[in-house]
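File shown: protein-v1.txt. Contents: compact mmCIF, C-alpha atoms.
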# COMPACT_ATOMS: atom_id res chain seq x y z
CA MET V 530 -0.12 11.04 26.39
CA ALA V 531 3.26 12.12 25.11
CA VAL V 532 5.39 10.06 22.77
CA VAL V 533 7.77 7.88 24.79
CA VAL V 534 10.73 6.25 23.07
CA ARG V 535 13.36 4.15 24.78
CA LEU V 536 16.46 3.71 22.64
CA SER V 537 19.82 2.18 23.43
CA SER V 538 22.85 4.45 23.16
CA LYS V 539 24.03 2.41 20.17
CA SER V 540 20.67 2.42 18.40
CA ASP V 541 20.88 3.27 14.71
CA PRO V 542 17.79 5.09 13.31
CA SER V 543 18.44 3.73 9.81
CA ALA V 544 18.63 0.19 11.19
CA ARG V 545 15.22 0.65 12.84
CA LEU V 546 13.74 1.71 9.53
CA VAL V 547 15.23 -1.35 7.84
CA LEU V 548 13.67 -3.63 10.46
CA LEU V 549 10.26 -2.11 9.79
CA ALA V 550 10.86 -2.34 6.05
CA VAL V 551 11.27 -6.13 6.40
CA GLY V 552 7.69 -6.24 7.65
CA THR V 553 6.35 -4.12 4.80
CA PHE V 554 8.35 -6.35 2.44
CA VAL V 555 6.52 -9.50 3.50
CA LEU V 556 3.14 -7.75 3.37
CA GLY V 557 4.02 -6.46 -0.10
CA VAL V 558 4.87 -9.94 -1.34
CA ASP V 559 1.56 -11.22 -0.01
CA SER V 560 -0.33 -8.37 -1.68
CA PHE V 561 1.08 -9.04 -5.16
CA VAL V 562 2.05 -12.69 -5.41
CA LEU V 563 -1.48 -14.05 -5.88
CA ALA V 564 -1.97 -11.68 -8.82
CA GLY V 565 0.51 -13.75 -10.82
CA LEU V 566 -1.05 -17.07 -9.80
CA LEU V 567 -4.79 -16.42 -10.06
CA PRO V 568 -5.49 -19.01 -12.80
CA ALA V 569 -3.82 -21.75 -10.72
CA VAL V 570 -5.60 -20.65 -7.54
CA ALA V 571 -8.97 -20.58 -9.30
CA GLN V 572 -8.44 -24.03 -10.83
CA ASP V 573 -7.33 -25.64 -7.56
CA LEU V 574 -10.16 -24.11 -5.51
CA HIS V 575 -12.77 -24.72 -8.27
CA VAL V 576 -13.82 -21.09 -8.60
CA SER V 577 -13.64 -18.49 -11.37
CA VAL V 578 -10.66 -16.19 -11.82
CA ALA V 579 -12.82 -13.23 -10.75
CA GLN V 580 -13.80 -15.08 -7.56
CA ALA V 581 -10.18 -15.93 -6.83
CA GLY V 582 -9.36 -12.24 -7.24
CA GLN V 583 -11.85 -11.41 -4.52
CA LEU V 584 -9.45 -12.97 -2.00
CA THR V 585 -7.57 -9.69 -2.40
CA THR V 586 -10.79 -7.74 -1.87
CA ALA V 587 -11.55 -9.67 1.33
CA PHE V 588 -8.06 -9.00 2.68
CA ALA V 589 -8.30 -5.31 1.90
CA LEU V 590 -11.74 -4.73 3.40
CA THR V 591 -10.88 -6.70 6.55
CA TYR V 592 -7.76 -4.58 6.97
CA ALA V 593 -9.74 -1.37 6.46
CA ILE V 594 -12.38 -2.26 9.04
CA GLY V 595 -10.07 -3.98 11.50
CA SER V 596 -7.30 -1.40 11.59
CA PRO V 597 -9.08 1.29 13.68
CA LEU V 598 -10.57 -1.34 15.98
CA ILE V 599 -7.18 -2.96 16.59
CA ALA V 600 -5.56 0.44 17.04
CA THR V 601 -8.14 1.34 19.69
CA ALA V 602 -7.78 -1.94 21.56
CA THR V 603 -3.98 -1.78 21.58
CA GLY V 604 -3.55 1.99 21.90
CA ARG V 605 -1.84 1.91 25.30
CA LEU V 606 0.51 -0.95 24.51
CA ASP V 607 4.16 -0.72 23.53
CA ARG V 608 4.27 -0.41 19.73
CA ARG V 609 6.96 -3.08 19.65
CA VAL V 610 4.50 -5.57 21.15
CA VAL V 611 1.76 -4.58 18.70
CA LEU V 612 4.10 -4.83 15.72
CA GLY V 613 5.35 -8.27 16.74
CA GLY V 614 1.88 -9.52 17.63
CA GLY V 615 0.45 -8.29 14.35
CA MET V 616 3.10 -10.08 12.32
CA ALA V 617 2.53 -13.28 14.34
CA VAL V 618 -1.22 -13.20 13.58
CA PHE V 619 -0.43 -12.54 9.92
CA LEU V 620 1.82 -15.61 9.96
CA LEU V 621 -1.00 -17.79 11.34
CA GLY V 622 -3.32 -16.51 8.62
CA MET V 623 -0.78 -17.43 5.96
CA VAL V 624 -0.54 -20.96 7.37
CA GLY V 625 -4.33 -21.22 7.15
CA GLN V 626 -4.27 -20.16 3.51
CA ALA V 627 -1.46 -22.52 2.57
CA LEU V 628 -3.25 -25.49 4.17
CA GLY V 629 -6.83 -24.52 3.25
CA PRO V 630 -8.53 -27.32 1.27
CA THR V 631 -11.46 -25.15 0.11
CA TYR V 632 -12.12 -21.60 -1.00
CA GLY V 633 -13.94 -20.87 2.27
CA VAL V 634 -10.99 -21.96 4.42
CA VAL V 635 -8.51 -20.01 2.31
CA LEU V 636 -10.79 -16.98 2.56
CA ALA V 637 -10.87 -17.32 6.36
CA GLY V 638 -7.06 -17.47 6.42
CA ARG V 639 -6.98 -14.38 4.25
CA VAL V 640 -9.17 -12.53 6.75
CA LEU V 641 -6.95 -13.57 9.69
CA ALA V 642 -3.83 -12.49 7.82
CA ALA V 643 -5.46 -9.12 7.12
CA LEU V 644 -6.09 -8.55 10.82
CA GLY V 645 -2.43 -9.23 11.54
CA ALA V 646 -1.32 -6.96 8.74
CA ALA V 647 -3.53 -4.19 10.16
CA GLY V 648 -1.81 -4.54 13.51
CA PHE V 649 1.63 -4.23 11.95
CA GLN V 650 1.55 -1.86 9.03
CA ALA V 651 -0.41 1.10 10.41
CA ASN V 652 1.78 1.11 13.51
CA ALA V 653 4.96 0.90 11.47
CA TYR V 654 4.13 4.10 9.59
CA ALA V 655 2.86 5.86 12.71
CA VAL V 656 6.12 5.13 14.56
CA VAL V 657 8.19 6.39 11.64
CA GLY V 658 6.04 9.50 11.31
CA PHE V 659 6.76 10.49 14.90
CA LEU V 660 10.44 9.54 15.00
CA ALA V 661 11.44 11.33 11.79
CA PRO V 662 12.00 15.13 11.75
CA PRO V 663 9.52 17.03 9.52
CA GLU V 664 12.11 17.86 6.87
CA ARG V 665 12.96 14.16 6.43
CA ARG V 666 9.57 12.62 7.14
CA ALA V 667 8.70 11.78 3.53
CA ARG V 668 12.10 10.11 3.01
CA ALA V 669 11.74 8.09 6.21
CA LEU V 670 8.24 6.95 5.23
CA ALA V 671 9.52 6.11 1.76
CA MET V 672 12.35 4.02 3.26
CA VAL V 673 9.86 1.88 5.17
CA GLY V 674 7.62 1.80 2.11
CA ALA V 675 10.62 0.61 0.09
CA GLY V 676 9.99 -2.79 1.65
CA SER V 677 6.78 -3.04 -0.37
CA SER V 678 8.55 -1.85 -3.51
CA LEU V 679 11.42 -4.30 -3.03
CA ALA V 680 8.82 -7.02 -2.64
CA THR V 681 7.66 -6.39 -6.20
CA VAL V 682 11.26 -6.58 -7.48
CA VAL V 683 12.48 -9.65 -5.59
CA GLY V 684 9.77 -11.27 -3.50
CA VAL V 685 6.91 -11.39 -6.01
CA PRO V 686 8.91 -12.77 -8.97
CA VAL V 687 10.47 -15.43 -6.74
CA GLY V 688 7.08 -16.25 -5.25
CA VAL V 689 5.42 -16.47 -8.66
CA LEU V 690 8.26 -18.63 -10.00
CA VAL V 691 7.94 -20.98 -7.01
CA GLY V 692 4.17 -21.05 -7.52
CA GLN V 693 4.51 -21.87 -11.19
CA GLN V 694 7.04 -24.64 -10.62
CA ILE V 695 5.81 -26.22 -7.38
CA GLY V 696 2.32 -24.85 -6.83
CA TRP V 697 0.63 -21.71 -5.54
CA ARG V 698 0.55 -23.09 -2.00
CA ALA V 699 4.35 -23.33 -2.02
CA ALA V 700 4.45 -19.59 -2.77
CA LEU V 701 2.31 -18.95 0.31
CA TRP V 702 4.65 -21.07 2.43
CA LEU V 703 7.50 -18.90 1.19
CA VAL V 704 5.66 -15.80 2.39
CA THR V 705 5.00 -17.54 5.71
CA GLY V 706 8.71 -18.18 6.21
CA VAL V 707 9.62 -14.54 5.63
CA ALA V 708 6.80 -13.48 7.97
CA ALA V 709 8.37 -15.59 10.71
CA VAL V 710 11.66 -13.72 10.23
CA ALA V 711 9.86 -10.35 10.35
CA ALA V 712 8.05 -11.32 13.56
CA ALA V 713 11.37 -12.26 15.20
CA LEU V 714 12.99 -8.97 14.16
CA CYS V 715 10.27 -7.02 15.96
CA LEU V 716 11.82 -8.21 19.22
CA VAL V 717 14.89 -5.99 18.68
CA LEU V 718 12.92 -2.82 17.96
CA PRO V 719 13.07 -0.02 20.55
CA SER V 720 10.24 0.48 23.02
CA VAL V 721 7.84 3.10 21.66
CA ARG V 722 4.58 4.33 23.16
CA LEU V 723 2.40 6.71 21.19
CA PRO V 724 -0.63 8.75 22.23
CA ALA V 725 -3.68 6.53 22.61
CA ALA V 726 -7.06 7.42 21.12
CA SER V 727 -10.53 6.04 21.73
CA LEU V 728 -12.76 4.74 18.98
CA ARG V 729 -14.96 7.80 19.48
CA GLU V 730 -11.97 10.08 18.81
CA ARG V 731 -11.17 8.12 15.66
CA LEU V 732 -14.73 8.39 14.43
CA ARG V 733 -14.77 12.09 15.29
CA LEU V 734 -11.69 12.67 13.15
CA LEU V 735 -13.20 10.61 10.36
CA GLY V 736 -16.32 12.75 10.63
CA THR V 737 -14.38 15.98 10.08
CA PRO V 738 -15.30 16.97 6.49
CA SER V 739 -11.83 18.13 5.44
CA MET V 740 -10.14 15.01 6.86
CA LEU V 741 -12.81 12.70 5.46
CA LEU V 742 -12.26 14.13 1.98
CA LEU V 743 -8.49 13.77 2.35
CA LEU V 744 -8.85 10.13 3.41
CA CYS V 745 -11.31 9.41 0.60
CA GLY V 746 -8.63 10.75 -1.73
CA THR V 747 -6.24 8.17 -0.33
CA ALA V 748 -8.60 5.34 -1.24
CA LEU V 749 -9.36 6.67 -4.70
CA GLN V 750 -5.66 6.97 -5.57
CA LEU V 751 -5.12 3.23 -5.13
CA VAL V 752 -8.11 2.11 -7.22
CA PRO V 753 -6.57 2.56 -10.72
CA GLN V 754 -3.37 0.66 -9.95
CA TYR V 755 -5.00 -2.26 -8.17
CA THR V 756 -7.75 -2.58 -10.76
CA VAL V 757 -4.97 -3.72 -13.09
CA LEU V 758 -2.48 -5.34 -10.70
CA SER V 759 -5.01 -7.63 -9.07
CA TYR V 760 -5.58 -9.25 -12.48
CA VAL V 761 -2.26 -8.84 -14.26
CA ALA V 762 -2.13 -12.57 -15.07
CA PRO V 763 -5.47 -12.75 -16.92
CA ILE V 764 -4.74 -9.43 -18.65
CA ILE V 765 -1.49 -10.82 -20.05
CA GLY V 766 -2.92 -14.32 -20.41
CA ALA V 767 -5.81 -13.01 -22.48
CA GLN V 768 -3.22 -12.25 -25.15
CA GLY V 769 -2.14 -15.88 -25.35
CA GLN V 770 1.09 -15.28 -23.46
CA THR V 771 2.93 -17.90 -21.43
CA ASP V 772 3.57 -17.98 -17.70
CA THR V 773 7.08 -16.69 -18.44
CA SER V 774 5.62 -13.54 -19.94
CA VAL V 775 3.57 -12.93 -16.80
CA LEU V 776 6.70 -13.32 -14.68
CA VAL V 777 8.66 -10.90 -16.87
CA ALA V 778 5.84 -8.36 -16.68
CA LEU V 779 5.83 -8.56 -12.87
CA VAL V 780 9.61 -8.21 -12.66
CA VAL V 781 9.64 -5.15 -14.92
CA PHE V 782 6.76 -3.57 -13.02
CA GLY V 783 8.50 -4.27 -9.73
CA VAL V 784 11.82 -2.76 -10.80
CA ALA V 785 10.02 0.36 -12.02
CA LEU V 786 7.99 0.62 -8.79
CA PHE V 787 11.13 0.29 -6.67
CA THR V 788 12.86 2.99 -8.74
CA GLY V 789 9.91 5.32 -8.25
CA ASN V 790 9.92 4.69 -4.51
CA ARG V 791 13.57 5.75 -4.34
CA LEU V 792 12.61 9.06 -5.96
CA VAL V 793 9.27 9.89 -4.37
CA GLY V 794 10.50 10.84 -0.88
CA HIS V 795 12.88 13.48 -2.23
CA LEU V 796 10.27 14.75 -4.70
CA ALA V 797 7.57 15.06 -2.03
CA ASP V 798 9.91 16.87 0.38
CA ARG V 799 10.94 19.27 -2.40
CA TRP V 800 7.74 19.83 -4.42
CA GLY V 801 4.96 19.03 -1.97
CA GLY V 802 2.67 16.03 -1.89
CA LEU V 803 -0.15 17.26 -4.12
CA ARG V 804 2.11 18.09 -7.05
CA VAL V 805 3.80 14.69 -6.94
CA ILE V 806 0.45 12.90 -6.72
CA THR V 807 -0.85 14.91 -9.68
CA VAL V 808 2.11 13.89 -11.83
CA GLY V 809 1.69 10.27 -10.76
CA LEU V 810 -2.02 10.04 -11.58
CA THR V 811 -1.67 11.90 -14.89
CA VAL V 812 1.11 9.64 -16.12
CA SER V 813 -0.76 6.58 -14.81
CA ALA V 814 -3.84 7.47 -16.85
CA VAL V 815 -1.75 7.83 -20.01
CA ALA V 816 0.05 4.54 -19.34
CA LEU V 817 -3.21 2.70 -18.73
CA VAL V 818 -4.76 3.98 -21.96
CA ALA V 819 -1.59 2.94 -23.77
CA LEU V 820 -1.80 -0.52 -22.17
CA TRP V 821 -5.34 -0.87 -23.47
CA PHE V 822 -4.23 0.01 -27.00
CA VAL V 823 -1.14 -2.25 -27.07
CA ARG V 824 -2.52 -5.18 -25.09
CA LEU V 825 -2.06 -7.53 -28.07
CA SER V 826 1.72 -6.92 -28.19
CA LEU V 827 3.81 -8.21 -25.30
CA VAL V 828 6.76 -5.79 -25.37
CA PRO V 829 4.72 -2.55 -25.63
CA ALA V 830 2.36 -3.87 -22.94
CA ILE V 831 5.29 -4.46 -20.60
CA VAL V 832 6.63 -0.97 -21.34
CA ALA V 833 3.25 0.48 -20.37
CA LEU V 834 3.31 -1.55 -17.14
CA ALA V 835 6.83 -0.25 -16.44
CA VAL V 836 5.63 3.35 -16.72
CA LEU V 837 2.69 2.54 -14.47
CA GLY V 838 5.10 1.03 -11.96
CA LEU V 839 7.46 4.01 -12.04
CA VAL V 840 4.72 6.40 -10.94
CA GLY V 841 2.87 3.80 -8.90
CA SER V 842 4.64 4.88 -5.72
CA PHE V 843 3.79 8.55 -6.31
CA GLN V 844 0.60 8.21 -4.29
CA ILE V 845 1.09 6.57 -0.89
CA THR V 846 4.11 8.40 0.56
CA PRO V 847 3.10 11.93 -0.58
CA GLN V 848 -0.44 11.32 0.68
CA GLN V 849 0.89 10.16 4.04
CA THR V 850 2.79 13.42 4.44
CA ARG V 851 -0.36 15.38 3.58
CA VAL V 852 -2.45 13.46 6.12
CA PHE V 853 0.22 13.76 8.80
CA ALA V 854 0.53 17.51 8.32
CA ALA V 855 -3.22 18.13 8.18
CA SER V 856 -4.05 16.15 11.31
CA GLY V 857 -1.91 18.06 13.84
CA THR V 858 -1.95 16.40 17.28
CA ALA V 859 -4.17 13.60 15.94
CA ALA V 860 -1.48 12.37 13.56
CA THR V 861 -1.35 8.86 15.04
CA VAL V 862 -5.09 8.41 14.56
CA ALA V 863 -5.01 9.96 11.09
CA LEU V 864 -2.20 7.74 9.84
CA GLY V 865 -4.03 4.68 11.12
CA LEU V 866 -7.19 5.73 9.30
CA ASN V 867 -5.13 6.51 6.23
CA GLY V 868 -3.77 2.97 6.32
CA SER V 869 -7.32 1.67 6.37
CA MET V 870 -8.23 3.81 3.37
CA ILE V 871 -5.22 2.47 1.45
CA TYR V 872 -6.76 -0.96 1.75
CA VAL V 873 -10.22 0.36 0.91
CA GLY V 874 -8.65 1.53 -2.34
CA THR V 875 -6.90 -1.80 -2.84
CA GLY V 876 -10.11 -3.72 -2.28
CA GLY V 877 -12.08 -1.30 -4.42
CA GLY V 878 -9.64 -1.71 -7.28
CA SER V 879 -9.72 -5.50 -7.01
CA ALA V 880 -13.52 -5.54 -6.92
CA LEU V 881 -13.73 -3.15 -9.88
CA GLY V 882 -11.31 -5.24 -11.93
CA GLY V 883 -13.23 -8.41 -11.15
CA GLY V 884 -16.48 -6.78 -12.18
CA VAL V 885 -15.01 -5.58 -15.48
CA ILE V 886 -13.63 -9.06 -16.23
CA ALA V 887 -16.98 -10.67 -15.48
CA ALA V 888 -18.90 -8.16 -17.60
CA ALA V 889 -16.57 -7.44 -20.53
CA GLY V 890 -13.36 -9.47 -20.20
CA PRO V 891 -9.84 -8.61 -18.98
CA GLY V 892 -8.94 -6.55 -22.06
CA PHE V 893 -11.09 -3.62 -20.86
CA VAL V 894 -9.62 -3.47 -17.36
CA PRO V 895 -6.83 -0.94 -18.21
CA LEU V 896 -9.28 1.43 -19.88
CA VAL V 897 -11.60 1.45 -16.87
CA ALA V 898 -8.59 1.97 -14.60
CA ALA V 899 -7.51 4.99 -16.66
CA GLY V 900 -10.94 6.51 -16.21
CA ALA V 901 -10.68 5.94 -12.46
CA ALA V 902 -7.33 7.77 -12.41
CA LEU V 903 -8.82 10.84 -14.09
CA VAL V 904 -11.81 10.87 -11.74
CA THR V 905 -9.43 10.68 -8.79
CA LEU V 906 -7.35 13.55 -10.11
CA VAL V 907 -10.41 15.81 -10.40
CA PHE V 908 -11.55 14.84 -6.90
CA LEU V 909 -8.15 15.56 -5.33
CA TRP V 910 -7.86 19.04 -6.79
CA ALA V 911 -11.47 19.89 -6.01
CA THR V 912 -11.06 18.95 -2.34
CA ALA V 913 -7.36 19.76 -1.70
CA PRO V 914 -6.90 21.50 1.69
CA GLU V 915 -3.73 23.10 0.28
CA ARG V 916 -5.90 25.26 -1.98
CA GLN V 917 -8.17 26.34 0.88
CA ARG V 918 -5.67 27.63 3.44
CA GLN V 919 -6.15 31.12 4.82
CA PRO V 920 -4.26 33.94 3.08
CA GLY V 921 -1.05 34.99 4.78
CA ARG V 922 -0.91 31.83 6.87
CA ARG V 923 1.60 29.12 6.08
CA ARG V 924 0.99 25.55 7.15
CA GLU V 925 3.29 22.54 6.98
CA LEU V 926 0.92 21.01 4.47
CA ASP V 927 1.33 22.78 1.15
CA VAL V 928 1.20 22.33 -2.60
CA GLY V 929 4.94 22.87 -2.80
CA PRO V 930 7.96 24.23 -0.96
CA PRO V 931 8.08 27.86 0.21
CA ALA V 932 9.34 30.39 -2.29
CA PRO V 933 13.02 31.34 -1.88
CA ARG V 934 13.70 34.60 -0.12
Here is the file; what I need is its structure written in the form of structure tokens.
Amino acid sequence: MAVVVRLSSKSDPSARLVLLAVGTFVLGVDSFVLAGLLPAVAQDLHVSVAQAGQLTTAFALTYAIGSPLIATATGRLDRRVVLGGGMAVFLLGMVGQALGPTYGVVLAGRVLAALGAAGFQANAYAVVGFLAPPERRARALAMVGAGSSLATVVGVPVGVLVGQQIGWRAALWLVTGVAAVAAALCLVLPSVRLPAASLRERLRLLGTPSMLLLLCGTALQLVPQYTVLSYVAPIIGAQGQTDTSVLVALVVFGVALFTGNRLVGHLADRWGGLRVITVGLTVSAVALVALWFVRLSLVPAIVALAVLGLVGSFQITPQQTRVFAASGTAATVALGLNGSMIYVGTGGGSALGGGVIAAAGPGFVPLVAAGAALVTLVFLWATAPERQRQPGRRRELDVGPPAPR
């Protein structure tokens, strides 16, 4: 099936990207806000901080498993309907979390919200990938991804502040309100139908060795960052800092992440995805080791988090361009699977951080995350399809831009 897009004569492509970015904004707030409120969540639900952190793991794994199933079931529907429906389900899940009296109920709400997020986010990136011309694809993806980055600058600090002053459930109600706005905005999106794929086709693509390795690289790239971010409150709190210090750390990280997101699209279009990812992971490893060394001093620790935030967006957008280019006519399926692997990495990082805290305490989390970054870097270069292309044959996917003639 060919791509079918129905646009009004007055439709503004940039406006469409902004509408989608509102959705990624609310999902970004939801992803990060609990990280700043874990002690309060754990105390209210009568569980340990590590157990409270596994709410993030549950969300991530549900998204990863549910995304291809939802994509298969809704493959022939108008993407506008799927985007709006996904955000509506996410909204219901947030209500369940905000009202949940026990850990089990909150966990169930988290799972429902993850299913809604899977319906929205993978489709948002797939639509952008097809609508944007190749030479501007990374910038278009980065613009939609800027919603997540802006969430760390504005949404997460506000949510954490509300949670600290009124309660963590109030922060979830705030996310719910923004989700309602995002669901309503989906109604004004253009009608878009993308090629449908069966579950067998998705599994076949996942079973292709080169694509499987590329998607595994997606997951591994997210592990170092989320190993730390899922537990930023206990990491800072372990140093005897106040709630204000946690809020400042999140704001600084968010500003740095947003700045990096504004740069990464241009860098990936100019240098190629693999080079940008390499820089991001290398600098992340250094920043994480530094964070481990300076964890007893607030200002140096926040500086290390700022550096981590700056290069934190150097993974998702460049990797999306690599997956899109490598998948050819199966780009819709590949981007959906890539979205699942992003959340596999998120859940893996959260689970790893929780395990480190349970075994050795929060102070060792940055050091383990740094090791994960180096392992990922070795894996990416060992399996990079850019390094295995046939001589004399140029593909859209490449380590960098073509040499000037």
Straight-line distance linking atom CA of V:Val862 with atom CA of V:Arg799, stated in Å to one decimal
25.7 Å
Pick out the closest residue to V:Gln693 from this set: V:Gly648, V:Gly801, V:Gly565, V:Gly789. Count all atoms listed in the file.
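Among the listed residues, the smallest separation from V:Gln693 belongs to V:Gly565.
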Per residue of stretch 815-858 of chain V within 12 Å of stretch 871-880 of chain V, note the shortest atom pair and the distance in Å to one decimal, counting all atoms listed in the file, and order the rows by chain and increasing residue number, as CSV.
residue,atom,partner,partner_atom,distance
V:Gln844,CA,V:Ile871,CA,10.0
V:Ile845,CA,V:Ile871,CA,7.9
V:Thr846,CA,V:Ile871,CA,11.1
V:Gln848,CA,V:Ile871,CA,10.1
V:Gln849,CA,V:Ile871,CA,10.2
Kindly give the distance, in Å, that separates atom CA of V:Ser720 and atom CA of V:Thr601, rounded to a single decimal.
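Taking atom CA of V:Ser720 and atom CA of V:Thr601, their separation equals 18.7 Å.
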Return the single residue from V:Ile764, V:Met623, V:Leu734, V:Leu864 that is closest to V:Arg824, with distances computed using only C-alpha atoms.
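Once distances to V:Arg824 are computed over only C-alpha atoms, the minimum belongs to V:Ile764.
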Check the smallest atom-to-atom distance from each of V:Gly900, V:Val757, V:Gly892, V:Ala835 to V:Val823 using all atoms listed in the file, then report the winner.
V:Gly892
I need stretch 726-740 of chain V written out with N, CA, C and O atoms, as a PDB file, in the first residue's frame; please produce it.
ATOM      1  N   ALA V 726       1.578  -3.683   7.666  1.00  0.00           N
ATOM      2  CA  ALA V 726       2.434  -4.873   7.702  1.00  0.00           C
ATOM      3  C   ALA V 726       1.862  -5.857   8.704  1.00  0.00           C
ATOM      4  O   ALA V 726       1.354  -5.473   9.756  1.00  0.00           O
ATOM      5  N   SER V 727       1.949  -7.134   8.373  1.00  0.00           N
ATOM      6  CA  SER V 727       1.464  -8.172   9.277  1.00  0.00           C
ATOM      7  C   SER V 727       2.485  -8.420  10.379  1.00  0.00           C
ATOM      8  O   SER V 727       3.645  -7.997  10.293  1.00  0.00           O
ATOM      9  N   LEU V 728       2.051  -9.116  11.419  1.00  0.00           N
ATOM     10  CA  LEU V 728       2.963  -9.468  12.496  1.00  0.00           C
ATOM     11  C   LEU V 728       4.078 -10.363  11.978  1.00  0.00           C
ATOM     12  O   LEU V 728       5.234 -10.256  12.410  1.00  0.00           O
ATOM     13  N   ARG V 729       3.753 -11.225  11.020  1.00  0.00           N
ATOM     14  CA  ARG V 729       4.784 -12.101  10.441  1.00  0.00           C
ATOM     15  C   ARG V 729       5.861 -11.276   9.745  1.00  0.00           C
ATOM     16  O   ARG V 729       7.056 -11.574   9.864  1.00  0.00           O
ATOM     17  N   GLU V 730       5.449 -10.233   9.023  1.00  0.00           N
ATOM     18  CA  GLU V 730       6.427  -9.368   8.352  1.00  0.00           C
ATOM     19  C   GLU V 730       7.298  -8.646   9.366  1.00  0.00           C
ATOM     20  O   GLU V 730       8.508  -8.468   9.158  1.00  0.00           O
ATOM     21  N   ARG V 731       6.700  -8.238  10.477  1.00  0.00           N
ATOM     22  CA  ARG V 731       7.476  -7.563  11.517  1.00  0.00           C
ATOM     23  C   ARG V 731       8.494  -8.523  12.128  1.00  0.00           C
ATOM     24  O   ARG V 731       9.651  -8.156  12.367  1.00  0.00           O
ATOM     25  N   LEU V 732       8.054  -9.739  12.398  1.00  0.00           N
ATOM     26  CA  LEU V 732       8.969 -10.718  12.974  1.00  0.00           C
ATOM     27  C   LEU V 732      10.057 -11.109  11.978  1.00  0.00           C
ATOM     28  O   LEU V 732      11.197 -11.361  12.369  1.00  0.00           O
ATOM     29  N   ARG V 733       9.695 -11.135  10.682  1.00  0.00           N
ATOM     30  CA  ARG V 733      10.691 -11.455   9.667  1.00  0.00           C
ATOM     31  C   ARG V 733      11.783 -10.391   9.624  1.00  0.00           C
ATOM     32  O   ARG V 733      12.970 -10.711   9.532  1.00  0.00           O
ATOM     33  N   LEU V 734      11.372  -9.124   9.708  1.00  0.00           N
ATOM     34  CA  LEU V 734      12.355  -8.046   9.715  1.00  0.00           C
ATOM     35  C   LEU V 734      13.219  -8.119  10.963  1.00  0.00           C
ATOM     36  O   LEU V 734      14.435  -7.943  10.918  1.00  0.00           O
ATOM     37  N   LEU V 735      12.575  -8.416  12.094  1.00  0.00           N
ATOM     38  CA  LEU V 735      13.322  -8.533  13.343  1.00  0.00           C
ATOM     39  C   LEU V 735      14.291  -9.706  13.294  1.00  0.00           C
ATOM     40  O   LEU V 735      15.333  -9.701  13.962  1.00  0.00           O
ATOM     41  N   GLY V 736      13.955 -10.724  12.484  1.00  0.00           N
ATOM     42  CA  GLY V 736      14.828 -11.880  12.364  1.00  0.00           C
ATOM     43  C   GLY V 736      15.961 -11.707  11.382  1.00  0.00           C
ATOM     44  O   GLY V 736      16.819 -12.588  11.261  1.00  0.00           O
ATOM     45  N   THR V 737      15.984 -10.586  10.654  1.00  0.00           N
ATOM     46  CA  THR V 737      17.101 -10.299   9.751  1.00  0.00           C
ATOM     47  C   THR V 737      18.318  -9.927  10.588  1.00  0.00           C
ATOM     48  O   THR V 737      18.269  -8.965  11.357  1.00  0.00           O
ATOM     49  N   PRO V 738      19.428 -10.670  10.502  1.00  0.00           N
ATOM     50  CA  PRO V 738      20.571 -10.428  11.398  1.00  0.00           C
ATOM     51  C   PRO V 738      21.048  -8.982  11.434  1.00  0.00           C
ATOM     52  O   PRO V 738      21.261  -8.429  12.521  1.00  0.00           O
ATOM     53  N   SER V 739      21.219  -8.355  10.265  1.00  0.00           N
ATOM     54  CA  SER V 739      21.731  -6.985  10.253  1.00  0.00           C
ATOM     55  C   SER V 739      20.771  -6.020  10.931  1.00  0.00           C
ATOM     56  O   SER V 739      21.184  -5.130  11.690  1.00  0.00           O
ATOM     57  N   MET V 740      19.457  -6.190  10.693  1.00  0.00           N
ATOM     58  CA  MET V 740      18.472  -5.310  11.320  1.00  0.00           C
ATOM     59  C   MET V 740      18.358  -5.591  12.809  1.00  0.00           C
ATOM     60  O   MET V 740      18.201  -4.677  13.623  1.00  0.00           O
TER      61      MET V 740
END
